[in-house]
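J.: For reference, the structure I am asking about is given below.
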Amino acid sequence: MTSRARATEIPRLVRRLGSRRPATVDAARARLAIIGARAVDALAETLEGDNNKIRANAMPLLALIHDARGREPL
């Protein structure tokens, strides 16, 4: 994976958490869980956004990752 692709992967995956397709959401969740701590900032930012579906999918991921940066926004 190129550095450019890596730079856009997390925001792309976070957007996919709002998909209407369950398979797309599940795949994004799985990849974000693997990415772990590197995804915390992007996931925490979604909690202030207006997309309820993305927020609802981001919360359990932040809890799963167990990074201190994700505790306060929750």
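We name chains A, B, ... following the order of the structure tokens; residues begin at 1 in each chain, and ligands are numbered from 1 as shown.
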Residues near Ala42 (chain A), anyone? I mean within 12 Å using only C-alpha atoms, not counting same-chain ones fewer than 4 positions away, as an mmCIF file with N, CA, C and O atoms, in the first residue's frame.
T.:
```cif
data_model
loop_
_atom_site.group_PDB
_atom_site.id
_atom_site.type_symbol
_atom_site.label_atom_id
_atom_site.label_comp_id
_atom_site.auth_asym_id
_atom_site.auth_seq_id
_atom_site.Cartn_x
_atom_site.Cartn_y
_atom_site.Cartn_z
ATOM 1 N N ALA A 7 -2.718 7.182 3.920
ATOM 2 C CA ALA A 7 -3.191 8.452 4.473
ATOM 3 C C ALA A 7 -4.691 8.622 4.308
ATOM 4 O O ALA A 7 -5.337 9.283 5.120
ATOM 5 N N THR A 8 -5.256 8.037 3.279
ATOM 6 C CA THR A 8 -6.692 8.192 3.041
ATOM 7 C C THR A 8 -7.503 6.990 3.519
ATOM 8 O O THR A 8 -8.726 7.053 3.516
ATOM 9 N N GLU A 9 -6.841 5.934 3.943
ATOM 10 C CA GLU A 9 -7.565 4.722 4.328
ATOM 11 C C GLU A 9 -8.479 4.939 5.529
ATOM 12 O O GLU A 9 -9.654 4.561 5.491
ATOM 13 N N ILE A 10 -7.977 5.538 6.590
ATOM 14 C CA ILE A 10 -8.782 5.690 7.799
ATOM 15 C C ILE A 10 -10.009 6.569 7.554
ATOM 16 O O ILE A 10 -11.127 6.155 7.884
ATOM 17 N N PRO A 11 -9.863 7.759 6.965
ATOM 18 C CA PRO A 11 -11.076 8.557 6.706
ATOM 19 C C PRO A 11 -12.083 7.831 5.803
ATOM 20 O O PRO A 11 -13.297 7.925 6.010
ATOM 21 N N ARG A 12 -11.587 7.088 4.838
ATOM 22 C CA ARG A 12 -12.471 6.336 3.938
ATOM 23 C C ARG A 12 -13.228 5.259 4.715
ATOM 24 O O ARG A 12 -14.436 5.086 4.558
ATOM 25 N N LEU A 13 -12.527 4.568 5.590
ATOM 26 C CA LEU A 13 -13.163 3.523 6.391
ATOM 27 C C LEU A 13 -14.185 4.114 7.360
ATOM 28 O O LEU A 13 -15.259 3.546 7.561
ATOM 29 N N VAL A 14 -13.862 5.259 7.946
ATOM 30 C CA VAL A 14 -14.803 5.913 8.862
ATOM 31 C C VAL A 14 -16.073 6.297 8.115
ATOM 32 O O VAL A 14 -17.181 6.095 8.618
ATOM 33 N N ARG A 15 -15.945 6.824 6.914
ATOM 34 C CA ARG A 15 -17.133 7.163 6.113
ATOM 35 C C ARG A 15 -17.969 5.921 5.823
ATOM 36 O O ARG A 15 -19.192 5.968 5.819
ATOM 37 N N LEU A 17 -18.522 3.511 7.697
ATOM 38 C CA LEU A 17 -19.319 3.130 8.866
ATOM 39 C C LEU A 17 -20.756 3.622 8.736
ATOM 40 O O LEU A 17 -21.647 3.130 9.406
ATOM 41 N N LEU A 32 -10.837 -1.168 10.802
ATOM 42 C CA LEU A 32 -10.529 -0.140 11.792
ATOM 43 C C LEU A 32 -10.083 -0.766 13.111
ATOM 44 O O LEU A 32 -9.193 -0.240 13.784
ATOM 45 N N ILE A 35 -6.505 -1.674 12.594
ATOM 46 C CA ILE A 35 -5.672 -0.470 12.580
ATOM 47 C C ILE A 35 -5.473 0.037 14.007
ATOM 48 O O ILE A 35 -4.405 0.515 14.362
ATOM 49 N N GLY A 36 -6.501 -0.072 14.813
ATOM 50 C CA GLY A 36 -6.411 0.238 16.233
ATOM 51 C C GLY A 36 -6.132 1.687 16.563
ATOM 52 O O GLY A 36 -6.829 2.588 16.111
ATOM 53 N N ALA A 37 -5.086 1.914 17.350
ATOM 54 C CA ALA A 37 -4.773 3.231 17.902
ATOM 55 C C ALA A 37 -4.610 4.311 16.834
ATOM 56 O O ALA A 37 -4.914 5.475 17.086
ATOM 57 N N ARG A 38 -4.151 3.948 15.660
ATOM 58 C CA ARG A 38 -3.995 4.956 14.598
ATOM 59 C C ARG A 38 -5.334 5.515 14.142
ATOM 60 O O ARG A 38 -5.395 6.591 13.564
ATOM 61 N N THR A 46 -15.705 11.677 14.936
ATOM 62 C CA THR A 46 -17.051 11.376 14.450
ATOM 63 C C THR A 46 -18.106 11.566 15.530
ATOM 64 O O THR A 46 -19.274 11.788 15.217
ATOM 65 N N LEU A 47 -17.701 11.489 16.791
ATOM 66 C CA LEU A 47 -18.661 11.633 17.876
ATOM 67 C C LEU A 47 -19.224 13.044 17.950
ATOM 68 O O LEU A 47 -20.269 13.266 18.557
ATOM 69 N N GLU A 48 -18.534 13.993 17.346
ATOM 70 C CA GLU A 48 -19.018 15.373 17.309
ATOM 71 C C GLU A 48 -19.760 15.675 16.013
ATOM 72 O O GLU A 48 -20.302 16.760 15.858
ATOM 73 N N GLY A 49 -19.789 14.729 15.103
ATOM 74 C CA GLY A 49 -20.432 14.923 13.813
ATOM 75 C C GLY A 49 -21.941 14.764 13.889
ATOM 76 O O GLY A 49 -22.512 14.491 14.948
ATOM 77 N N ILE A 54 -22.747 6.721 11.804
ATOM 78 C CA ILE A 54 -21.292 6.656 11.974
ATOM 79 C C ILE A 54 -20.943 6.743 13.454
ATOM 80 O O ILE A 54 -20.106 5.989 13.950
ATOM 81 N N ARG A 55 -21.585 7.648 14.177
ATOM 82 C CA ARG A 55 -21.319 7.779 15.621
ATOM 83 C C ARG A 55 -21.619 6.471 16.343
ATOM 84 O O ARG A 55 -20.829 6.016 17.177
ATOM 85 N N ALA A 58 -18.922 4.047 15.621
ATOM 86 C CA ALA A 58 -17.601 4.434 16.118
ATOM 87 C C ALA A 58 -17.447 4.162 17.615
ATOM 88 O O ALA A 58 -16.367 3.795 18.076
ATOM 89 N N MET A 59 -18.523 4.328 18.372
ATOM 90 C CA MET A 59 -18.433 4.164 19.831
ATOM 91 C C MET A 59 -17.917 2.789 20.259
ATOM 92 O O MET A 59 -16.986 2.709 21.061
ATOM 93 N N LEU A 61 -16.149 0.739 18.606
ATOM 94 C CA LEU A 61 -14.767 0.590 18.141
ATOM 95 C C LEU A 61 -13.799 1.290 19.089
ATOM 96 O O LEU A 61 -12.745 0.754 19.417
ATOM 97 N N LEU A 62 -14.171 2.486 19.534
ATOM 98 C CA LEU A 62 -13.313 3.199 20.482
ATOM 99 C C LEU A 62 -13.175 2.409 21.778
ATOM 100 O O LEU A 62 -12.084 2.333 22.345
ATOM 101 N N ARG A 69 -7.101 8.096 24.514
ATOM 102 C CA ARG A 69 -7.622 9.225 23.753
ATOM 103 C C ARG A 69 -9.095 9.050 23.386
ATOM 104 O O ARG A 69 -9.798 10.006 23.135
ATOM 105 N N GLY A 70 -9.574 7.830 23.381
ATOM 106 C CA GLY A 70 -10.957 7.556 23.036
ATOM 107 C C GLY A 70 -11.906 7.551 24.227
ATOM 108 O O GLY A 70 -13.112 7.556 24.055
ATOM 109 N N PRO A 73 -13.971 11.325 24.839
ATOM 110 C CA PRO A 73 -15.084 11.613 23.919
ATOM 111 C C PRO A 73 -16.293 10.709 24.133
ATOM 112 O O PRO A 73 -17.415 11.091 23.872
#
```
J.: Mind checking DSSP for chain A and telling me the helix (DSSP H, G or I) residues as a PDB file with C-alpha atoms, in the first residue's frame?
T.:
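That gives us result_5.pdb:
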```pdb
ATOM      1  CA  SER A   3       1.788   6.161   1.639  1.00  0.00           C
ATOM      2  CA  ARG A   4      -0.957   8.147  -0.091  1.00  0.00           C
ATOM      3  CA  ALA A   5      -3.339   5.201   0.126  1.00  0.00           C
ATOM      4  CA  ARG A   6      -2.481   4.767   3.815  1.00  0.00           C
ATOM      5  CA  ALA A   7      -3.191   8.452   4.473  1.00  0.00           C
ATOM      6  CA  THR A   8      -6.692   8.192   3.041  1.00  0.00           C
ATOM      7  CA  GLU A   9      -7.565   4.722   4.328  1.00  0.00           C
ATOM      8  CA  ILE A  10      -8.782   5.690   7.799  1.00  0.00           C
ATOM      9  CA  PRO A  11     -11.076   8.557   6.706  1.00  0.00           C
ATOM     10  CA  ARG A  12     -12.471   6.336   3.938  1.00  0.00           C
ATOM     11  CA  LEU A  13     -13.163   3.523   6.391  1.00  0.00           C
ATOM     12  CA  VAL A  14     -14.803   5.913   8.862  1.00  0.00           C
ATOM     13  CA  ARG A  15     -17.133   7.163   6.113  1.00  0.00           C
ATOM     14  CA  ARG A  16     -18.026   3.551   5.320  1.00  0.00           C
ATOM     15  CA  PRO A  22     -24.170  -4.138   6.381  1.00  0.00           C
ATOM     16  CA  ALA A  23     -21.283  -5.923   4.647  1.00  0.00           C
ATOM     17  CA  THR A  24     -19.585  -2.584   3.953  1.00  0.00           C
ATOM     18  CA  VAL A  25     -20.012  -1.496   7.566  1.00  0.00           C
ATOM     19  CA  ASP A  26     -18.735  -4.841   8.874  1.00  0.00           C
ATOM     20  CA  ALA A  27     -15.656  -4.709   6.656  1.00  0.00           C
ATOM     21  CA  ALA A  28     -14.902  -1.146   7.743  1.00  0.00           C
ATOM     22  CA  ARG A  29     -15.322  -2.071  11.414  1.00  0.00           C
ATOM     23  CA  ALA A  30     -12.999  -5.044  11.066  1.00  0.00           C
ATOM     24  CA  ARG A  31     -10.273  -3.050   9.325  1.00  0.00           C
ATOM     25  CA  LEU A  32     -10.529  -0.140  11.792  1.00  0.00           C
ATOM     26  CA  ALA A  33     -10.246  -2.586  14.689  1.00  0.00           C
ATOM     27  CA  ILE A  34      -7.057  -3.970  13.145  1.00  0.00           C
ATOM     28  CA  ILE A  35      -5.672  -0.470  12.580  1.00  0.00           C
ATOM     29  CA  GLY A  36      -6.411   0.238  16.233  1.00  0.00           C
ATOM     30  CA  ALA A  37      -4.773   3.231  17.902  1.00  0.00           C
ATOM     31  CA  ARG A  38      -3.995   4.956  14.598  1.00  0.00           C
ATOM     32  CA  ALA A  39      -7.763   5.256  13.990  1.00  0.00           C
ATOM     33  CA  VAL A  40      -8.676   6.685  17.401  1.00  0.00           C
ATOM     34  CA  ASP A  41      -8.458  10.368  16.474  1.00  0.00           C
ATOM     35  CA  ALA A  42     -10.632   9.943  13.384  1.00  0.00           C
ATOM     36  CA  LEU A  43     -13.164   7.837  15.276  1.00  0.00           C
ATOM     37  CA  ALA A  44     -13.303  10.313  18.173  1.00  0.00           C
ATOM     38  CA  GLU A  45     -13.955  13.159  15.739  1.00  0.00           C
ATOM     39  CA  THR A  46     -17.051  11.376  14.450  1.00  0.00           C
ATOM     40  CA  ASN A  52     -25.837   9.185  13.864  1.00  0.00           C
ATOM     41  CA  LYS A  53     -25.018   5.910  12.115  1.00  0.00           C
ATOM     42  CA  ILE A  54     -21.292   6.656  11.974  1.00  0.00           C
ATOM     43  CA  ARG A  55     -21.319   7.779  15.621  1.00  0.00           C
ATOM     44  CA  ALA A  56     -23.153   4.613  16.686  1.00  0.00           C
ATOM     45  CA  ASN A  57     -20.600   2.449  14.877  1.00  0.00           C
ATOM     46  CA  ALA A  58     -17.601   4.434  16.118  1.00  0.00           C
ATOM     47  CA  MET A  59     -18.433   4.164  19.831  1.00  0.00           C
ATOM     48  CA  PRO A  60     -17.960   0.395  20.184  1.00  0.00           C
ATOM     49  CA  LEU A  61     -14.767   0.590  18.141  1.00  0.00           C
ATOM     50  CA  LEU A  62     -13.313   3.199  20.482  1.00  0.00           C
ATOM     51  CA  ALA A  63     -14.202   1.011  23.450  1.00  0.00           C
ATOM     52  CA  LEU A  64     -12.667  -2.031  21.748  1.00  0.00           C
ATOM     53  CA  ILE A  65      -9.384  -0.270  20.955  1.00  0.00           C
ATOM     54  CA  ALA A  68      -6.951   6.634  26.465  1.00  0.00           C
ATOM     55  CA  ARG A  69      -7.622   9.225  23.753  1.00  0.00           C
ATOM     56  CA  GLY A  70     -10.957   7.556  23.036  1.00  0.00           C
ATOM     57  CA  ARG A  71     -12.218   7.511  26.626  1.00  0.00           C
TER      58      ARG A  71
END
```
